[in-house]
Amino acid sequence: MHIPDGYLSPSTCATLYAAACASWYAALKRIKRSIGGRTIPLISVFAAFCFVVMMFNIPLPGGTTGHAVGVAVAAIVLGPWASVLALSITITIQALFFGDGGITTLGANCFNMAVVGSFVAYGVYRLIAARSDVSSQRRTIAAAIAGYVAINASALLASVEFGIQPLLFHDSTGTPLYAPYPLRVAIPAMMIGHLTFAGLAEAVLSAGMIAYLQHANVGLLRQSQSASASTSTSRLWWVIAVLMLLTPLGILAAGTAWGEWTARDLANSHASPVIEAASKSQLPPGSVPAGIERLSTIWTAPFPAYAPTFIKLPSDIRCRPCLVSACVRCCRWQAPPFFASAGSRTREPYQLHRENAQPLRASDGESARI
Amino acid sequence: MAKALVSERTAAKPGLLQALDPRVRLIGLLVLVISVILCRRLEAIAALWLLAVVIAIASRVSMATLALRVWLLVFVFTGLIAFPAIFLTPGDAILSFANLSASAQGLRTAALLILRVETAATLTTILVLCTPWTHILKSLRNLGVPVEVIAILAMTHRYIFLLVDTASQMFEARQSRAIGRVNTSEQRNLTSRTAGVLLGKSIELSHEVYAAMVSRGFRGEVRLLTDFRMRFRDYCALAIFFCAAGFAVWMGR
C-alpha cells in the first residue's frame, strides 16, 4: 500500500499533500492541547512500535503470512489524532530510510494509511464497542473489525488514486503517464489481497493485542476510553451548536442545485433562461431528453422536496448543501412559524419544480440562483 | 540496522554531495525528484537518471549498494506491476502471440513507470546515504517543518532500533524455550501476545523517556542547535540543481 514515487501525477500528489498537511496541523494542535509535554515521547515510541509491528509476519489460514500496520491499535490506544501523527512519522521514516513509499507520494501514503486509516479504525471501534465494558469480548471483536475495515478503506483509497491516473493523465497517443491501470483493474488488484490476507492480518493482530491488553494492562484501555468519552459528548454538542448557527444559511440559498433539474423543469419554457444563466450561457435542450423523461418516472419519492405531498409549504425553502437542508428540515419541524416567515422573506423570483411556484420575472434578464 | 551503518559510513566519506551544505543537498535532490515526476518524456527521465548516477559516483556512493538496494529491487517490484500494462494498455499493436498483443503505448507506459521509479528512488537513496540523519532533520527544520515533528522524527528513529532489538530478543527467548513444532493458531496467539508485550514496554518506555526529559529541563519546548552556513559553492550548487531540474522539465514536457 506504500505508493512509490512515479505512480501518481504531480497534481494528485499536491492535492493529497494538502489534505495530509491539514490533518497534521489539526492533529498537532489537538495533541499539544490534550496531552501536553508527554506528546513527543509517547508519539515517538508509538511510531517506533508501529514500525516494528509491520515487521511481524502473522501466519494466516492457507499457509501464507501477512503483516499488519497497527493502525487500529494505535487509534484505539492513542486516539485518532495522535495515531495520525504516529503513523505519519512511521511512514516518513520508511520512505526516507527503507525506500518503502516515495517522497512525492508521502502525502498520499500518509493520507491513506495514517489519516483515513486512523479515523475509520477509531470510528468503527467506537461504533461497535459502544458503551461495553473495557474488558468485554465485544471490544476484542470491535478491534478486529476496526482493523479489517480500516486497512481495506486505506487500500480502496490507494486503488482509486491509482485507477484515476490513466483517466486523467495520458499523452496525445493515449499512453498513460503514471500508474497505467484503470479503476476496473486497480481496484480488484489492490482489494483482493487486502480483503483476504492483509485485512486478516490486521484483524488478528488488533484483536490479539486488545485481548492481551484486557488481561495484562486494562488500565491503558480504560485511560484511552475515558479520554475519548469525555471529549466525544462535548464535540457532539459543539457540532450541533455550529449546525444550528448555520441553519439560516440554508434559507438564504434558495433555488435548485445546478444539474438537479427535473423533467418538468426542462420542459418549462420559463425555466430555460434561468438554466441558461446558470450554465455559462449554454442553452438547455429544446425538449426533455428521452433518457431523463423515461427514468424520472421510475420512482416517486414519498417526501418530494423534503416534505410530504399533503403539506403545503408557505413558500419555497430550498437549501443547497444536504447537511444544511437536513437542519432546516429538522428545525422547520421544531419551529414552523419562524421558518414560515423566514421562507416568505427570502422568496425567489422564480422557483423551479415546485407545485406552487409562479414564474415571476424569469424573462427580465435577472440572474437567479440555481 | 546494517543499512543505517552503511549510510553513516558513506556520509563520512569526502565527496561531491558531502562537501555541500546539507540543506542544499536536501533541496537540490528533492527538486530533482519533483522534476522526475513532472517529466513526460522517456529521454528526459533517462537524462535525470544519468545525472543521478554521476552524482552518486562523485559522492563515492557504492554502485553495488545502489544496484542491489535500488535498481534491482525497483526493477523486480515495479516491473511486476508494469509488465501487464504492456498487454492491457490499448493502442497500436507491435507484437502479437496467442491472444495477447503488446501495444506501443503499453510498452512506453511500462518504461515510463519503471524509469521514473528507478530515478526517484536513486535520488532519494543518494540523499539518505550521503547525509547523516541529524543533518536531514536540521535541514527539514530550516525548511519550516515544526520543531515538534522534528523531535518526534529524531526520537522515533532512535527507538526503532531499540524496539527491533527488544522484539527480536523476545522471539529468541520464546523459541529457545519451545520444544517441537508450534501450530498456526498458537503462532498467531504468540505473535499477538508478543506485540502486546511490546506495546506495554513501549508505553512504559515513553513514560521513562518523558521523566528523563523533564529531569533534564524539558518544559514542552524543543530547541535544535543549527550551525549550518551557506558558502559560495553551496549557492552555485543550488543554482545548478535548479537549472538541471528546470531544463529536464522543459525537455520532458
# chains A, B, ... in the order shown; residues from 1 in each chain; ligands from 1
call {"tool": "closest_atom_pairs", "arguments": {"of": "chain B", "to": "chain A", "cutoff": "8 Å", "atoms": "only C-alpha atoms", "output": "Markdown table"}}
result
| residue | atom | partner | partner_atom | distance |
| --- | --- | --- | --- | --- |
| B:Ala4 | CA | A:Phe97 | CA | 7.9 |
| B:Val33 | CA | A:Thr104 | CA | 7.6 |
| B:Ile34 | CA | A:Thr104 | CA | 6.9 |
| B:Val36 | CA | A:Gly6 | CA | 7.8 |
| B:Ile37 | CA | A:Gly6 | CA | 5.7 |
| B:Leu38 | CA | A:Pro10 | CA | 6.5 |
| B:Arg40 | CA | A:Leu177 | CA | 6.7 |
| B:Ala82 | CA | A:Pro180 | CA | 7.6 |
| B:Ala85 | CA | A:Pro180 | CA | 6.3 |
| B:Thr89 | CA | A:Pro180 | CA | 7.4 |
| B:Gly91 | CA | A:Gly174 | CA | 7.4 |
| B:Gln105 | CA | A:Thr175 | CA | 4.8 |
| B:Gly106 | CA | A:Thr175 | CA | 6.8 |
| B:Arg108 | CA | A:Thr175 | CA | 7.0 |
| B:Thr109 | CA | A:Pro176 | CA | 5.7 |
| B:Ala110 | CA | A:Pro180 | CA | 7.7 |
| B:Leu112 | CA | A:Leu177 | CA | 7.0 |
| B:Leu113 | CA | A:Tyr178 | CA | 6.2 |
| B:Arg116 | CA | A:Gly6 | CA | 5.4 |
| B:Val117 | CA | A:Gly6 | CA | 5.2 |
| B:Ala120 | CA | A:Asp5 | CA | 6.2 |
| B:Ala121 | CA | A:Gly99 | CA | 6.9 |
| B:Thr124 | CA | A:Leu96 | CA | 7.1 |
| B:Thr125 | CA | A:Gly99 | CA | 7.5 |
| B:Val128 | CA | A:Phe97 | CA | 6.7 |
| B:Glu148 | CA | A:Ile40 | CA | 7.0 |
| B:Ala151 | CA | A:Ile40 | CA | 7.0 |
| B:Ile152 | CA | A:Ser44 | CA | 5.0 |
| B:Leu153 | CA | A:Ile89 | CA | 6.3 |
| B:Met155 | CA | A:Ser44 | CA | 5.6 |
| B:Thr156 | CA | A:Ser44 | CA | 4.5 |
| B:His157 | CA | A:Ala48 | CA | 7.2 |
| B:Tyr159 | CA | A:Ala48 | CA | 5.9 |
| B:Ile160 | CA | A:Ala48 | CA | 4.6 |
| B:Leu163 | CA | A:Val52 | CA | 6.8 |
| B:Val164 | CA | A:Val52 | CA | 6.0 |
| B:Ala167 | CA | A:Val52 | CA | 7.8 |
| B:Thr184 | CA | A:Pro59 | CA | 6.1 |
| B:Ser185 | CA | A:Pro59 | CA | 7.9 |
| B:Gln187 | CA | A:Pro59 | CA | 6.8 |
| B:Arg188 | CA | A:Ile58 | CA | 6.0 |
| B:Asn189 | CA | A:Gly208 | CA | 6.7 |
| B:Thr191 | CA | A:Ile58 | CA | 6.7 |
| B:Ser192 | CA | A:Gly208 | CA | 4.8 |
| B:Arg193 | CA | A:Tyr212 | CA | 6.1 |
| B:Ala195 | CA | A:Met209 | CA | 6.6 |
| B:Gly196 | CA | A:Met209 | CA | 4.8 |
| B:Leu198 | CA | A:Phe49 | CA | 7.5 |
| B:Leu199 | CA | A:Phe49 | CA | 6.8 |
| B:Gly200 | CA | A:Asn217 | CA | 7.4 |
| B:Ser202 | CA | A:Val45 | CA | 5.9 |
| B:Ile203 | CA | A:Leu42 | CA | 6.9 |
| B:Leu205 | CA | A:Val45 | CA | 7.5 |
| B:Ser206 | CA | A:Leu42 | CA | 5.1 |
| B:His207 | CA | A:Leu42 | CA | 7.4 |
| B:Val209 | CA | A:Pro41 | CA | 6.3 |
| B:Tyr210 | CA | A:Pro41 | CA | 6.0 |
| B:Arg219 | CA | A:Gly37 | CA | 7.1 |
| B:Gly220 | CA | A:Gly37 | CA | 4.9 |
call {"tool": "write_last_selection", "arguments": {"atoms": "C-alpha atoms", "output": "PDB file, in the first residue's frame"}}
result
ATOM      1  CA  ALA B   4      21.860   2.637   8.741  1.00  0.00           C
ATOM      2  CA  VAL B  33      12.841  14.115  -7.646  1.00  0.00           C
ATOM      3  CA  ILE B  34       9.967  16.519  -8.360  1.00  0.00           C
ATOM      4  CA  VAL B  36      11.353  13.380 -12.459  1.00  0.00           C
ATOM      5  CA  ILE B  37       7.647  13.272 -11.675  1.00  0.00           C
ATOM      6  CA  LEU B  38       6.944  16.288 -13.885  1.00  0.00           C
ATOM      7  CA  ARG B  40       6.618  13.238 -19.538  1.00  0.00           C
ATOM      8  CA  ALA B  82       4.298  -2.591 -15.070  1.00  0.00           C
ATOM      9  CA  ALA B  85       0.414  -2.877 -18.753  1.00  0.00           C
ATOM     10  CA  THR B  89      -2.986  -0.784 -22.419  1.00  0.00           C
ATOM     11  CA  GLY B  91      -3.062   1.107 -28.594  1.00  0.00           C
ATOM     12  CA  GLN B 105       1.552   2.695 -25.762  1.00  0.00           C
ATOM     13  CA  GLY B 106       1.707  -0.140 -23.221  1.00  0.00           C
ATOM     14  CA  ARG B 108       6.014   3.137 -23.329  1.00  0.00           C
ATOM     15  CA  THR B 109       3.901   3.431 -20.186  1.00  0.00           C
ATOM     16  CA  ALA B 110       5.732   0.468 -18.597  1.00  0.00           C
ATOM     17  CA  LEU B 112       7.975   5.406 -18.143  1.00  0.00           C
ATOM     18  CA  LEU B 113       6.839   3.892 -14.863  1.00  0.00           C
ATOM     19  CA  ARG B 116      10.583   7.162 -13.212  1.00  0.00           C
ATOM     20  CA  VAL B 117      10.530   4.992 -10.075  1.00  0.00           C
ATOM     21  CA  ALA B 120      13.312   8.920  -7.991  1.00  0.00           C
ATOM     22  CA  ALA B 121      14.412   6.044  -5.746  1.00  0.00           C
ATOM     23  CA  THR B 124      16.284   9.580  -2.542  1.00  0.00           C
ATOM     24  CA  THR B 125      18.775   6.849  -1.673  1.00  0.00           C
ATOM     25  CA  VAL B 128      19.968   9.346   2.644  1.00  0.00           C
ATOM     26  CA  GLU B 148       7.766  19.058  17.466  1.00  0.00           C
ATOM     27  CA  ALA B 151      11.769  15.963  17.722  1.00  0.00           C
ATOM     28  CA  ILE B 152       9.309  13.103  17.144  1.00  0.00           C
ATOM     29  CA  LEU B 153      11.177  12.020  13.983  1.00  0.00           C
ATOM     30  CA  MET B 155      13.213  10.067  18.765  1.00  0.00           C
ATOM     31  CA  THR B 156      11.300   7.580  16.620  1.00  0.00           C
ATOM     32  CA  HIS B 157      14.389   6.853  14.559  1.00  0.00           C
ATOM     33  CA  TYR B 159      13.629   3.955  19.347  1.00  0.00           C
ATOM     34  CA  ILE B 160      13.006   1.893  16.239  1.00  0.00           C
ATOM     35  CA  LEU B 163      12.313  -1.852  19.832  1.00  0.00           C
ATOM     36  CA  VAL B 164      13.546  -4.020  16.941  1.00  0.00           C
ATOM     37  CA  ALA B 167      11.294  -7.718  19.727  1.00  0.00           C
ATOM     38  CA  THR B 184      -0.537 -21.968  13.212  1.00  0.00           C
ATOM     39  CA  SER B 185      -3.153 -20.899  15.734  1.00  0.00           C
ATOM     40  CA  GLN B 187       1.799 -18.941  16.354  1.00  0.00           C
ATOM     41  CA  ARG B 188      -0.869 -16.284  15.810  1.00  0.00           C
ATOM     42  CA  ASN B 189      -1.505 -16.038  19.547  1.00  0.00           C
ATOM     43  CA  THR B 191       2.704 -13.041  17.698  1.00  0.00           C
ATOM     44  CA  SER B 192      -0.244 -11.070  19.073  1.00  0.00           C
ATOM     45  CA  ARG B 193       0.949 -11.515  22.649  1.00  0.00           C
ATOM     46  CA  ALA B 195       3.112  -7.382  20.052  1.00  0.00           C
ATOM     47  CA  GLY B 196       1.011  -6.705  23.159  1.00  0.00           C
ATOM     48  CA  LEU B 198       5.994  -4.818  23.144  1.00  0.00           C
ATOM     49  CA  LEU B 199       3.215  -2.233  23.263  1.00  0.00           C
ATOM     50  CA  GLY B 200       3.256  -2.296  27.063  1.00  0.00           C
ATOM     51  CA  SER B 202       6.752   0.956  24.542  1.00  0.00           C
ATOM     52  CA  ILE B 203       4.295   2.870  26.701  1.00  0.00           C
ATOM     53  CA  LEU B 205       9.481   3.455  27.823  1.00  0.00           C
ATOM     54  CA  SER B 206       7.694   6.627  26.734  1.00  0.00           C
ATOM     55  CA  HIS B 207       6.924   7.453  30.386  1.00  0.00           C
ATOM     56  CA  VAL B 209      11.784   8.994  28.427  1.00  0.00           C
ATOM     57  CA  TYR B 210       9.415  11.789  29.402  1.00  0.00           C
ATOM     58  CA  ARG B 219       9.356  22.157  29.640  1.00  0.00           C
ATOM     59  CA  GLY B 220       7.476  21.414  26.434  1.00  0.00           C
TER      60      GLY B 220
END
call {"tool": "select_by_dssp", "arguments": {"residues": "segment 79-126 of chain B", "states": "strand (DSSP E or B)", "output": "list in words"}}
result
Ala93, Ile94, Leu95, Ser96, Phe97, Leu100, Ser101, Ala102 and Ser103 of chain B
call {"tool": "residues_around", "arguments": {"residues": "Ala12 of chain B", "least_positions_apart": "6", "cutoff": "12 Å", "atoms": "only C-alpha atoms", "output": "list in words"}}
result
Leu5, Val6, Gln18, Ala19, Ser59, Arg60, Val61, Leu129, Cys130, Thr131 and Pro132 of chain B
call {"tool": "atom_distance", "arguments": {"atom1": "atom CA of Phe77 of chain B", "atom2": "atom CA of Ala114 of chain A"}}
result
23.6 Å
call {"tool": "residues_around", "arguments": {"residues": "segment 122-134 of chain A", "least_positions_apart": "6", "cutoff": "6 Å", "atoms": "only C-alpha atoms", "output": "PyMOL selection string"}}
result
chain A and resi 75+142-143+146
call {"tool": "atom_distance", "arguments": {"atom1": "atom CA of Val74 of chain B", "atom2": "atom CA of Leu48 of chain B"}}
result
16.6 Å
call {"tool": "atom_distance", "arguments": {"atom1": "atom CA of Gly117 of chain A", "atom2": "atom CA of Ala153 of chain A"}}
result
6.8 Å
call {"tool": "residues_around", "arguments": {"residues": "segment 227-241 of chain B", "least_positions_apart": "3", "cutoff": "10 Å", "atoms": "only C-alpha atoms", "output": "list in words"}}
result
Leu16, Leu17, Ala19, Leu20, Asp21, Pro22, Arg23, Val24, Arg25, Leu26, Ile27, Gly28, Leu29, Leu30, Val31, Leu32, His135, Lys138, Ser139, Asn142, Leu224, Ala244, Ala245, Gly246 and Phe247 of chain B
call {"tool": "closest_residue", "arguments": {"among": "A:Phe111, A:Ala203, A:Leu16, A:Ile91", "to": "Ala72 of chain A", "atoms": "only C-alpha atoms"}}
result
A:Ala203
